[in-house]
Every structure is written in C-alpha cells, then in structure tokens.
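Engineer: data.cif is the file, holding mmCIF, C-alpha atoms:
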```cif
data_query
#
loop_
_atom_site.label_atom_id
_atom_site.label_comp_id
_atom_site.auth_asym_id
_atom_site.auth_seq_id
_atom_site.Cartn_x
_atom_site.Cartn_y
_atom_site.Cartn_z
CA MET A 139 110.97 130.40 75.86
CA GLU A 140 114.69 130.68 76.50
CA PRO A 141 115.77 129.07 79.80
CA ASP A 142 117.62 131.12 82.37
CA LYS A 143 121.33 130.58 81.81
CA LYS A 144 122.35 131.04 85.44
CA THR A 145 123.86 128.00 87.09
CA SER A 146 123.03 126.74 90.57
CA LYS A 147 123.70 123.72 92.73
CA ASN A 148 119.95 123.66 93.36
CA LEU A 149 117.66 121.92 90.91
CA VAL A 150 114.59 123.77 92.20
CA GLU A 151 114.27 127.17 93.83
CA VAL A 152 110.91 128.47 95.07
CA ASP A 153 110.73 132.00 96.47
CA ASN A 154 107.75 133.61 98.21
CA LEU A 155 105.18 131.44 96.42
CA THR A 156 101.58 132.49 97.02
CA VAL A 157 98.65 130.54 95.56
CA GLU A 158 95.05 131.74 95.63
CA PHE A 159 91.71 130.18 94.70
CA THR A 160 88.58 132.03 93.65
CA THR A 161 85.52 130.71 95.49
CA ARG A 162 81.91 131.78 96.03
CA ASN A 163 83.00 133.37 99.27
CA GLY A 164 85.86 135.30 97.73
CA ILE A 165 89.60 134.74 97.41
CA VAL A 166 91.12 131.94 99.51
CA GLN A 167 94.89 131.99 99.99
CA ALA A 168 95.95 128.34 100.16
CA VAL A 169 99.72 128.94 100.11
CA SER A 170 101.36 132.08 101.44
CA ASP A 171 104.97 133.22 100.90
CA VAL A 172 106.42 129.70 100.75
CA SER A 173 110.15 129.45 99.99
CA PHE A 174 112.37 126.39 99.70
CA HIS A 175 115.03 124.83 97.50
CA ILE A 176 115.98 121.31 96.44
CA ALA A 177 119.57 120.40 95.72
CA ARG A 178 120.43 117.96 92.97
CA GLY A 179 120.04 114.42 94.28
CA GLU A 180 118.37 115.58 97.49
CA THR A 181 115.14 114.32 99.05
CA LEU A 182 113.02 117.06 100.61
CA GLY A 183 110.06 116.23 102.82
CA ILE A 184 107.05 118.57 102.98
CA VAL A 185 105.13 117.68 106.12
CA GLY A 186 101.83 118.89 107.54
CA GLU A 187 98.28 117.84 108.23
CA SER A 188 95.55 117.78 105.58
CA GLY A 189 94.78 121.26 104.26
CA SER A 190 98.15 122.73 105.17
CA GLY A 191 99.03 123.49 101.54
CA LYS A 192 101.48 120.67 100.79
CA SER A 193 99.81 119.33 97.66
CA VAL A 194 98.84 122.77 96.36
CA THR A 195 102.51 123.77 96.53
CA SER A 196 103.49 120.79 94.38
CA TYR A 197 100.62 121.36 91.93
CA ALA A 198 101.78 124.95 91.50
CA LEU A 199 105.30 123.73 90.79
CA MET A 200 103.96 121.52 87.97
CA ARG A 201 101.44 124.16 86.85
CA ILE A 202 98.47 121.82 87.25
CA LEU A 203 96.31 123.93 89.57
CA GLU A 204 92.53 123.75 89.23
CA ALA A 205 90.90 126.29 86.90
CA ASN A 206 89.97 128.56 89.81
CA GLY A 207 93.52 128.55 91.18
CA MET A 208 96.31 130.95 90.32
CA ILE A 209 99.89 131.71 91.30
CA ALA A 210 99.38 135.17 92.77
CA SER A 211 103.05 135.93 93.36
CA GLY A 212 106.48 134.41 93.81
CA ASP A 213 109.02 132.65 91.62
CA MET A 214 109.62 128.99 90.71
CA VAL A 215 112.81 128.02 88.89
CA TYR A 216 113.65 124.49 87.75
CA GLY A 217 117.04 123.81 86.19
CA GLY A 218 117.29 127.45 85.15
CA ILE A 219 113.77 127.48 83.64
CA ASP A 220 111.21 129.97 84.96
CA LEU A 221 108.26 127.64 85.56
CA LYS A 222 105.88 130.42 86.51
CA ASN A 223 106.14 132.08 83.09
CA ALA A 224 106.92 129.01 80.95
CA SER A 225 104.67 128.37 77.96
CA ASN A 226 102.12 125.56 77.99
CA SER A 227 104.13 123.65 75.37
CA THR A 228 107.26 123.89 77.52
CA MET A 229 105.35 122.61 80.54
CA ARG A 230 103.99 119.66 78.53
CA GLU A 231 107.56 118.69 77.70
CA ILE A 232 108.65 119.05 81.32
CA ARG A 233 105.78 117.11 82.91
CA GLY A 234 106.48 113.40 82.96
CA ARG A 235 109.91 113.78 81.40
CA GLU A 236 111.69 116.23 83.72
CA ILE A 237 109.26 116.51 86.63
CA SER A 238 106.93 113.64 87.45
CA MET A 239 104.38 113.08 90.19
CA ILE A 240 103.07 110.11 92.12
CA PHE A 241 99.49 111.14 92.86
CA GLN A 242 97.74 110.22 96.08
CA ASN A 243 94.59 108.72 94.52
CA PRO A 244 95.61 105.95 92.10
CA ARG A 245 92.06 105.33 90.91
CA ALA A 246 91.79 108.93 89.73
CA ALA A 247 95.30 108.98 88.25
CA LEU A 248 94.81 105.92 86.01
CA ASN A 249 92.61 105.68 82.91
CA PRO A 250 89.83 103.24 83.90
CA ILE A 251 89.19 102.04 80.32
CA ARG A 252 92.80 101.42 79.28
CA LYS A 253 94.96 98.47 80.29
CA VAL A 254 97.72 99.41 82.72
CA GLY A 255 100.46 98.10 80.46
CA LYS A 256 99.31 100.34 77.63
CA GLN A 257 99.25 103.33 79.97
CA LEU A 258 102.91 102.72 80.77
CA GLU A 259 103.68 102.43 77.08
CA ASP A 260 101.87 105.70 76.35
CA VAL A 261 104.07 107.67 78.76
CA MET A 262 107.34 106.19 77.50
CA ARG A 263 106.47 106.60 73.82
CA GLN A 264 105.23 110.17 74.37
CA HIS A 265 108.64 111.22 75.68
CA GLY A 266 110.77 109.05 73.41
CA PHE A 267 111.75 106.44 76.00
CA ALA A 268 110.32 103.52 74.04
CA THR A 269 109.39 102.49 70.53
CA ARG A 270 106.39 100.50 69.43
CA GLN A 271 108.64 97.45 69.17
CA ASN A 272 110.13 97.53 72.69
CA ALA A 273 107.45 99.40 74.68
CA LYS A 274 105.75 96.25 75.98
CA ALA A 275 109.01 94.73 77.26
CA LYS A 276 109.91 97.99 79.01
CA ALA A 277 106.44 98.25 80.55
CA ILE A 278 106.69 94.72 81.97
CA GLU A 279 110.13 95.52 83.36
CA LEU A 280 108.69 98.57 85.13
CA LEU A 281 105.99 96.39 86.69
CA LYS A 282 108.75 94.17 88.05
CA VAL A 283 110.61 97.19 89.44
CA VAL A 284 107.58 98.25 91.51
CA ARG A 285 107.05 94.68 92.79
CA ILE A 286 103.93 93.70 90.85
CA ASN A 287 103.45 89.93 90.96
CA ASN A 288 102.90 88.17 87.63
CA PRO A 289 103.78 91.31 85.63
CA GLU A 290 103.19 89.62 82.26
CA ASP A 291 99.58 88.94 83.27
CA ARG A 292 99.03 92.26 85.07
CA TYR A 293 100.19 94.09 81.95
CA HIS A 294 96.80 93.16 80.42
CA SER A 295 94.73 94.19 83.48
CA TYR A 296 92.42 97.17 83.79
CA PRO A 297 92.71 99.32 86.95
CA HIS A 298 89.42 98.02 88.37
CA GLU A 299 90.81 94.47 88.25
CA LEU A 300 93.65 95.37 90.64
CA SER A 301 93.71 96.09 94.35
CA GLY A 302 94.20 99.65 95.57
CA GLY A 303 97.76 98.85 96.54
CA MET A 304 98.55 97.44 93.12
CA CYS A 305 97.04 100.50 91.42
CA GLN A 306 99.25 102.74 93.54
CA ARG A 307 102.29 100.80 92.42
CA ILE A 308 101.19 101.20 88.79
CA VAL A 309 101.02 104.97 89.35
CA ILE A 310 104.56 104.86 90.73
CA ALA A 311 105.70 102.93 87.66
CA VAL A 312 104.15 105.58 85.40
CA ALA A 313 105.91 108.33 87.36
CA ILE A 314 109.39 106.81 87.09
CA ALA A 315 108.98 105.51 83.52
CA CYS A 316 110.94 108.36 81.92
CA GLN A 317 113.59 108.70 84.64
CA PRO A 318 112.65 112.24 85.70
CA ARG A 319 115.16 114.55 87.37
CA LEU A 320 112.56 115.59 89.96
CA LEU A 321 110.03 113.15 91.40
CA ILE A 322 107.17 114.57 93.47
CA ALA A 323 105.61 111.88 95.65
CA ASP A 324 102.28 113.10 97.04
CA GLU A 325 101.45 110.63 99.83
CA PRO A 326 102.85 107.85 97.59
CA THR A 327 102.12 104.93 99.87
CA THR A 328 98.44 105.58 100.50
CA GLY A 329 96.62 102.24 100.36
CA LEU A 330 99.80 100.19 100.63
CA ASP A 331 100.57 97.77 103.43
CA VAL A 332 103.58 98.51 105.60
CA THR A 333 105.89 96.00 103.93
CA THR A 334 105.10 97.30 100.45
CA GLN A 335 105.29 100.87 101.76
CA LYS A 336 108.86 100.28 102.85
CA ALA A 337 109.74 98.56 99.58
CA VAL A 338 108.34 101.45 97.54
CA LEU A 339 110.07 104.16 99.57
CA ASP A 340 113.30 102.17 99.51
CA LEU A 341 112.94 101.99 95.74
CA VAL A 342 112.47 105.76 95.47
CA GLY A 343 115.57 106.21 97.62
CA GLU A 344 117.57 103.85 95.41
CA LEU A 345 116.49 105.73 92.28
CA THR A 346 117.40 109.04 93.85
CA LYS A 347 120.93 107.84 94.51
CA ALA A 348 121.43 105.85 91.31
CA GLN A 349 120.15 108.51 88.91
CA GLY A 350 121.01 111.66 90.85
CA MET A 351 117.29 112.33 91.00
CA SER A 352 115.79 114.86 93.40
CA THR A 353 112.62 113.99 95.29
CA ILE A 354 109.86 115.84 97.10
CA LEU A 355 108.07 113.56 99.56
CA ILE A 356 104.74 114.99 100.68
CA THR A 357 103.33 113.35 103.80
CA HIS A 358 101.55 113.97 107.08
CA ASP A 359 103.78 111.37 108.75
CA LEU A 360 106.77 113.16 110.26
CA GLY A 361 108.35 109.87 111.35
CA LEU A 362 108.18 108.49 107.82
CA ALA A 363 109.62 111.69 106.38
CA SER A 364 112.50 111.75 108.83
CA ALA A 365 113.48 108.21 107.80
CA TYR A 366 113.62 108.91 104.06
CA CYS A 367 114.37 112.62 103.65
CA ASP A 368 117.51 114.71 103.90
CA ARG A 369 115.67 117.88 104.89
CA LEU A 370 112.15 118.69 106.04
CA ILE A 371 109.87 121.69 105.86
CA VAL A 372 106.74 121.78 107.98
CA MET A 373 103.65 123.58 106.67
CA GLU A 374 100.72 124.86 108.69
CA LYS A 375 97.81 126.81 107.23
CA GLY A 376 99.63 127.46 103.98
CA ARG A 377 102.87 128.70 105.51
CA VAL A 378 106.26 127.14 106.24
CA VAL A 379 106.68 127.19 110.02
CA GLU A 380 109.92 125.22 110.33
CA SER A 381 112.75 123.99 108.12
CA ALA A 382 115.68 121.83 109.19
CA GLY A 383 117.62 118.66 108.56
CA ALA A 384 115.47 115.57 109.04
CA ALA A 385 117.38 114.16 112.01
CA ASP A 386 117.64 117.53 113.75
CA MET A 387 113.96 118.33 113.37
CA PHE A 388 112.82 114.99 114.75
CA ALA A 389 115.26 115.16 117.66
CA ARG A 390 114.82 118.87 118.47
CA PRO A 391 111.59 120.27 116.99
CA ALA A 392 111.45 124.03 117.52
CA HIS A 393 107.94 125.05 116.49
CA PRO A 394 104.92 124.06 118.64
CA TYR A 395 103.12 122.71 115.56
CA THR A 396 106.06 120.43 114.73
CA GLN A 397 106.10 119.21 118.31
CA LYS A 398 102.38 118.47 118.03
CA LEU A 399 102.92 116.41 114.86
CA ILE A 400 105.61 114.34 116.55
CA ARG A 401 103.43 113.68 119.59
CA ALA A 402 100.62 112.53 117.29
CA THR A 403 102.79 109.88 115.62
CA PRO A 404 101.48 106.43 116.72
CA ARG A 405 104.03 104.11 118.31
CA LEU A 406 103.78 100.37 118.84
CA GLY A 407 103.19 99.63 122.49
CA ALA A 408 102.10 103.17 123.32
CA ASP A 409 98.96 103.74 125.35
CA ILE A 410 96.20 104.94 123.03
CA ARG A 411 95.32 107.54 125.64
CA ASP A 412 98.59 109.27 124.81
CA LEU A 413 97.04 110.25 121.46
CA LEU A 414 93.88 111.79 122.94
CA PRO A 415 93.51 115.59 122.88
CA GLU A 416 94.67 117.24 126.09
CA ASP A 417 91.11 118.18 127.09
CA ALA A 418 89.72 114.67 126.50
CA GLU A 419 88.86 112.45 129.48
CA PRO A 420 88.80 108.68 128.84
CA ARG A 421 85.95 106.76 130.47
CA SER A 422 86.73 105.08 133.75
CA PRO A 423 86.33 101.26 133.77
CA ALA A 424 83.94 101.65 136.70
CA GLU A 425 81.52 103.84 134.76
CA PRO A 426 78.38 102.16 133.40
CA LYS A 427 78.27 101.03 129.79
CA ALA A 428 76.26 102.88 127.17
CA PRO A 429 72.60 101.78 126.86
CA ALA A 430 73.35 100.18 123.47
CA ALA A 431 76.02 97.88 124.88
CA HIS A 432 75.24 94.17 124.49
CA PRO A 433 76.01 91.50 127.10
CA ALA A 434 78.62 88.81 126.43
CA GLY A 435 77.44 85.67 124.68
CA GLN A 436 76.55 85.19 121.05
CA PRO A 437 78.95 87.16 118.78
CA LEU A 438 77.67 89.98 116.62
CA LEU A 439 79.37 88.56 113.53
CA GLN A 440 80.43 84.98 112.88
CA VAL A 441 82.18 84.07 109.62
CA THR A 442 82.76 80.38 108.95
CA ASP A 443 84.80 78.74 106.17
CA LEU A 444 84.36 81.75 103.90
CA VAL A 445 85.62 81.26 100.33
CA LYS A 446 85.63 83.60 97.36
CA ASP A 447 86.71 82.52 93.87
CA PHE A 448 86.92 84.84 90.89
CA PRO A 449 86.70 83.31 87.40
CA LEU A 450 89.72 83.81 85.18
CA LYS A 451 89.47 84.50 81.49
CA ALA A 452 90.68 81.48 79.53
CA PRO A 453 93.95 82.46 77.85
CA VAL A 454 93.83 82.67 74.08
CA LYS A 455 96.46 80.59 72.28
CA LYS A 456 95.78 81.71 68.71
CA LEU A 457 93.27 84.00 67.03
CA ARG A 458 91.95 82.01 64.05
CA ASP A 459 89.33 84.45 62.91
CA MET A 460 87.08 87.12 64.33
CA PHE A 461 84.80 84.66 66.12
CA LYS A 462 86.77 81.46 66.66
CA THR A 463 89.62 81.04 69.13
CA ALA A 464 91.66 78.07 70.24
CA LYS A 465 91.88 78.10 74.03
CA ALA A 466 94.61 76.82 76.29
CA PRO A 467 94.41 73.25 77.64
CA ASP A 468 91.78 72.42 80.24
CA ASP A 469 94.39 72.02 82.98
CA GLU A 470 94.92 75.81 83.07
CA PRO A 471 93.42 77.36 86.25
CA THR A 472 89.96 78.81 85.67
CA VAL A 473 89.48 80.60 89.01
CA PHE A 474 91.49 82.80 91.32
CA ARG A 475 90.90 82.13 95.03
CA ALA A 476 90.93 85.52 96.75
CA VAL A 477 89.70 84.26 100.15
CA ASP A 478 90.31 80.69 101.32
CA THR A 479 88.27 79.19 104.21
CA LEU A 480 88.39 82.26 106.43
CA ASN A 481 86.98 82.08 109.96
CA MET A 482 86.48 84.93 112.42
CA THR A 483 84.11 86.23 115.07
CA ILE A 484 83.43 89.76 116.26
CA ASP A 485 81.72 90.34 119.60
CA TYR A 486 79.37 93.20 120.40
CA GLY A 487 81.34 96.36 121.05
CA GLU A 488 84.58 94.78 119.85
CA SER A 489 86.97 96.31 117.31
CA VAL A 490 88.82 93.87 115.06
CA GLY A 491 91.57 94.83 112.65
CA LEU A 492 92.05 93.00 109.34
CA VAL A 493 95.75 93.30 108.58
CA GLY A 494 97.73 92.06 105.61
CA GLU A 495 99.54 92.96 102.42
CA SER A 496 97.79 94.41 99.39
CA GLY A 497 95.85 91.73 97.55
CA CYS A 498 95.65 89.33 100.51
CA GLY A 499 91.84 89.43 100.65
CA LYS A 500 91.01 92.07 103.28
CA SER A 501 88.73 94.19 101.10
CA THR A 502 87.18 91.13 99.45
CA THR A 503 86.29 89.74 102.88
CA SER A 504 84.74 93.05 103.93
CA SER A 505 82.75 93.23 100.69
CA MET A 506 81.34 89.75 101.31
CA VAL A 507 80.35 90.66 104.86
CA MET A 508 78.51 93.67 103.41
CA ARG A 509 77.10 91.36 100.68
CA LEU A 510 78.52 93.60 97.99
CA LEU A 511 80.09 90.35 96.79
CA ASP A 512 78.51 86.91 97.03
CA PRO A 513 80.70 84.29 98.71
CA THR A 514 81.52 81.12 96.79
CA SER A 515 80.95 79.09 99.94
CA GLY A 516 80.84 79.47 103.70
CA SER A 517 78.47 81.27 106.03
CA ILE A 518 78.10 84.79 107.42
CA ILE A 519 75.93 85.13 110.55
CA PHE A 520 75.17 88.71 111.64
CA ASP A 521 73.27 89.28 114.88
CA GLY A 522 71.92 85.74 114.68
CA VAL A 523 70.75 86.04 111.07
CA ASP A 524 72.33 84.16 108.17
CA ILE A 525 72.94 86.90 105.63
#
```
Kindly present the structure from the file in structure tokens form.
Structural biologist:
Amino acid sequence: MEPDKKTSKNLVEVDNLTVEFTTRNGIVQAVSDVSFHIARGETLGIVGESGSGKSVTSYALMRILEANGMIASGDMVYGGIDLKNASNSTMREIRGREISMIFQNPRAALNPIRKVGKQLEDVMRQHGFATRQNAKAKAIELLKVVRINNPEDRYHSYPHELSGGMCQRIVIAVAIACQPRLLIADEPTTGLDVTTQKAVLDLVGELTKAQGMSTILITHDLGLASAYCDRLIVMEKGRVVESAGAADMFARPAHPYTQKLIRATPRLGADIRDLLPEDAEPRSPAEPKAPAAHPAGQPLLQVTDLVKDFPLKAPVKKLRDMFKTAKAPDDEPTVFRAVDTLNMTIDYGESVGLVGESGCGKSTTSSMVMRLLDPTSGSIIFDGVDI
C-alpha cells in the first residue's frame, strides 16, 4: 500500500469514526461519528466514564477490534497512511514500532509463561531495535527507565512473580521499547500507587518532549488528564460531547456531562457526602443502627506480629552439567520478607484502608487474612476465632 503523500502538521487525523459490534441482540454502535486530531508532539486526553467508547476508539485506530467489531464508516490517517484500508502486513509493521499501546490490564497483556526480560527482547528484536548480543542489556535498561527495583533480577521473573504495579510498569516498558511516534496509554496507571503513578506519567511526558512523540491518554480521571494533557476530548455514550484545551475545560466546562465528571473527582479534605448522587439522603447520626451492627468491644479482626517470607531460588554460579550445579555461598539471602511483624485491628462496622506503594505488602497481607496464603508467623483472630 502506498502511503498518502499529503503533508500535515497533525500526526493523526480521525474523521467521523463509527464502530459497530455484532451481538445476539443486533448491531451495537459503540462509537459514533467521532472526530479528532493529534499534532506532532502533542498529548491528547480522551476522558469519559467506563463504556463511553474511549478504548474502542483507540482499538479501532490500531485495528485490533474484536472479531465481531468493525469500522462502519469514517477515516483514520496516521502520518499520511490510511489506517482504515491499510493491509494487515502494513499494520503489523506499524503496531509496536510506530504506534504502541499501554494496555489497562497488565496480566492479560503479558505472556504468563515467558520471562519479562525476554518479552522486552522479543519486541525490540522484532522491530530491529536490538540484536541477540545487546538485547538483554537494553531490556535491563528499560526496566530501570520504568523504575523497576533490582532490574537485573526482575529480568528473569515471570509475570506471576511480580506485583500488579510492577507488571503494569513492564507493560509500559514494552510499549516504549521501540520509541514509537504515537503512544496510546489506556488507563496506564491502573494498579499503581500514587507516587509511582506520578513517576510513570512524568516519564511519558518526558518522552513526549524528548522524542517529539505524540500521546493519547485515555482515562476517566478528568483531573489527571488536565494535569498531563495539552487538549482534552470528553466522550459520552460513544460520542464526543466536548473538546477544548486542558486548562480551559477544567476551569470552564461547557457540557453538563463534563461538569458532572469534574464534580465527581475526589478531593482530599472534601466531605464524602459531596460525592453522593443528588437524590441520595445520608443517614442521620440519630437514626438507629442496622440490626447487624455490633456493639463496641472486641474487634472483628485482630492481626498480631504477622510475618510472611517467600523462599528465593538459590542463584546458580555455574552450570557444570545437566544435573549438577554449583550454588552461591550460604550467606546469600534465601527468603524475601514481604510482610514484617504487621499489627492491626478492625472493629465491627469499621472501614480500614491499606495504603502503600506497589510491592509494599498490601495484597500479601490481605491474602493471609483470607488464608489464601499461610503466614510464616504471627496470629490472625477473626470474630474471636484464630484462623
């Protein structure tokens, strides 16, 4: 396919895009007459609640719709190339090399039976960004770029051995491995703590400026989008309802749906009642408690000196033959302490938040409380019973 020779300051131009899906109940129009453009080096935010058509729009742009989906009408042009009518071979060359995506679900995006370092190598070697000789070094460098601790060790890890936040950062590393001209970030910080979220989005911003890369940031968080995007489009029920500069839209939202999204943005120090629907009536403190409420006294959950150690594989110094290995000295650590003497109590009817960075032990603690994992030591008392 010969690319369109016309020149434009815009890297991407989408005009009247309509996407339909064939279902048991007939044709469902997920995206209707959507139009937007992305200038070279610009960051565009696509904002809307779940089901508004944000992700479907980006999937259409990359031509990775589900089998029952189709681009019913409209045009999509990238760098002068007609994406709608491009051949499959052309799209394979474009994906990953020219246009890359950070998917929302890192567990689904990564190969569960291949080490993460090898997955990075695969992408770079596929598009000629690494050779067999230097692929490992480049993969480790990418792990450093996305703030993975101990990258030399994590290079050998499988996805299931990493936290959700770490897996998301691996997906980001895969997406930026070949220095694409357009990066589509579909809820890229899902599962990341707030400090890592900022670091990742700052990194995407740095890459955009340093490489002249354009970015589409897909999110339901209008506040987040306004902080990192040059322009925003707001989608509702498959249509674009508002488009403006990020600062202008946040300061002066014109459409009622945009105003609703801004009001729904949580703020530190705000009264939680401000986020209730207009027709909701919070319970008065004087009203009686529900029959299931429990009087004060013994806590519902009491965790004492909880510890969880995971065994580490002994590092191999030299492979002597197929069955014999010489292991590292005995002073090498043999366990990783994921949770260290944790104590907490939760009263009846109380809500407690476990907050911390990815990999700090939140999910491991919860899994032990559910007895999906056995604690190394410590006690867990639930409703008076040692579980």
Engineer: Applied to this file, what does the PyMOL selection byres ((chain A and resi 211-215) around 7) return in terms of residues, put as a list in words?
Structural biologist: Val150, Glu151, Val152, Asp153, Asn154, Leu155, Thr156, Leu199, Ile209, Ala210, Tyr216, Gly217, Gly218, Ile219, Asp220, Leu221 and Lys222 of chain A
Engineer: For the file shown, what are the residues hit by the PyMOL selection byres ((chain A and resi 352) around 9), laid out as a list in words?
Structural biologist: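 Given this file, the PyMOL selection byres ((chain A and resi 352) around 9) evaluates to Leu149, Ile176, Ala177, Arg178, Gly179, Glu180, Thr181, Leu182, Pro318, Arg319, Leu320, Leu321, Ile322, Thr346, Lys347, Gln349, Gly350, Met351, Thr353 and Ile354 of chain A.
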Engineer: At what distance in Å, to one decimal, does CA of Arg201 in chain A lie from CA of Ala311 in chain A?
Structural biologist: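 Pair CA of Ala311 in chain A / CA of Arg201 in chain A returns 21.7 Å.
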Engineer: Provide the CA of Ile356 in chain A to CA of Gly302 in chain A distance in Å, to one decimal place.
Structural biologist: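 Taking CA of Ile356 in chain A and CA of Gly302 in chain A, their separation equals 19.3 Å.
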Engineer: Given only C-alpha atoms as the basis, pick out the residue of A:Ser190, A:Thr483, A:Thr503, A:Ser496 nearest to Ile286 in chain A.
Structural biologist: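 Checking each candidate against Ile286 in chain A, we get A:Ser496 as the closest.
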Engineer: Using only C-alpha atoms, which of the listed residues (A:Leu480, A:Leu300, A:Met229, A:Val157) sits closest to Asn206 in chain A?
Structural biologist: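 For Asn206 in chain A, the nearest of the given residues is A:Val157.
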Engineer: Could you tell me which of A:Gly189, A:Gly343, A:Gly266, A:Pro244 comes closest to Pro297 in chain A if we count only C-alpha atoms?
Structural biologist: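 Closest residue, counting only C-alpha atoms: A:Pro244.
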Engineer: May I ask for the distance between CA of Val378 in chain A and CA of Ser173 in chain A, given in Å to one decimal place?
Structural biologist: 7.7 Å
Engineer: Skip Asn249 in chain A itself and residues of its chain fewer than 6 positions away, then list as a ChimeraX atom specification all residues within 10 Å of it, counting only C-alpha atoms.
Structural biologist: /A:257,296-298
Engineer: Pick the closest to Asp291 in chain A from A:Ala365, A:Val493, A:Ile400, A:Ile278: which is it, counting all atoms listed in the file?
Structural biologist: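 Closest residue, counting all atoms listed in the file: A:Ile278.
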Engineer: Give the answer as one residue: which of A:Glu325, A:Asp478, A:Glu204, A:Glu290 has the shortest atom-to-atom distance to Leu339 in chain A, using only C-alpha atoms?
Structural biologist: A:Glu325
Engineer: Counting only C-alpha atoms, which residues have an atom no more than 12 Å from (79.0, 85.5, 97.2) in the file's coordinates? Please list them as a PyMOL selection string.
Structural biologist: chain A and resi 444-448+476-477+502-518+525
Engineer: Grab the residues selected above and save them as a short mmCIF file (atom, residue, chain, number, x, y, z; two decimals), in the frame of the given file with C-alpha atoms.
Structural biologist:
```
data_model
loop_
_atom_site.label_atom_id
_atom_site.label_comp_id
_atom_site.auth_asym_id
_atom_site.auth_seq_id
_atom_site.Cartn_x
_atom_site.Cartn_y
_atom_site.Cartn_z
CA LEU A 444 84.36 81.75 103.90
CA VAL A 445 85.62 81.26 100.33
CA LYS A 446 85.63 83.60 97.36
CA ASP A 447 86.71 82.52 93.87
CA PHE A 448 86.92 84.84 90.89
CA ALA A 476 90.93 85.52 96.75
CA VAL A 477 89.70 84.26 100.15
CA THR A 502 87.18 91.13 99.45
CA THR A 503 86.29 89.74 102.88
CA SER A 504 84.74 93.05 103.93
CA SER A 505 82.75 93.23 100.69
CA MET A 506 81.34 89.75 101.31
CA VAL A 507 80.35 90.66 104.86
CA MET A 508 78.51 93.67 103.41
CA ARG A 509 77.10 91.36 100.68
CA LEU A 510 78.52 93.60 97.99
CA LEU A 511 80.09 90.35 96.79
CA ASP A 512 78.51 86.91 97.03
CA PRO A 513 80.70 84.29 98.71
CA THR A 514 81.52 81.12 96.79
CA SER A 515 80.95 79.09 99.94
CA GLY A 516 80.84 79.47 103.70
CA SER A 517 78.47 81.27 106.03
CA ILE A 518 78.10 84.79 107.42
CA ILE A 525 72.94 86.90 105.63
#
```
Engineer: Pick the closest to His265 in chain A from A:Arg307, A:Arg235, A:Arg377, A:Lys192: which is it, counting only C-alpha atoms?
Structural biologist: A:Arg235
Engineer: What residues come out when you apply the PyMOL selection byres ((chain A and resi 294) around 9) to this file, written as a list in words?
Structural biologist: Lys253, Val254, Gly255, Lys256, Pro289, Glu290, Asp291, Arg292, Tyr293, Ser295 and Tyr296 of chain A
Engineer: Print the selection's residues with C-alpha atoms to a file, as a PDB file, keeping the file's coordinate frame.
Structural biologist:
```pdb
ATOM      1  CA  LYS A 253      94.960  98.470  80.290  1.00  0.00           C
ATOM      2  CA  VAL A 254      97.720  99.410  82.720  1.00  0.00           C
ATOM      3  CA  GLY A 255     100.460  98.100  80.460  1.00  0.00           C
ATOM      4  CA  LYS A 256      99.310 100.340  77.630  1.00  0.00           C
ATOM      5  CA  PRO A 289     103.780  91.310  85.630  1.00  0.00           C
ATOM      6  CA  GLU A 290     103.190  89.620  82.260  1.00  0.00           C
ATOM      7  CA  ASP A 291      99.580  88.940  83.270  1.00  0.00           C
ATOM      8  CA  ARG A 292      99.030  92.260  85.070  1.00  0.00           C
ATOM      9  CA  TYR A 293     100.190  94.090  81.950  1.00  0.00           C
ATOM     10  CA  SER A 295      94.730  94.190  83.480  1.00  0.00           C
ATOM     11  CA  TYR A 296      92.420  97.170  83.790  1.00  0.00           C
TER      12      TYR A 296
END
```
Engineer: Using only C-alpha atoms, determine which residues lie at most 8 Å from Ala268 in chain A, disregarding the query and same-chain residues fewer than 6 positions distant; provide the list as a list in words.
Structural biologist: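 Surrounding residues, per the criterion: Glu259, Met262 and Lys276 of chain A.
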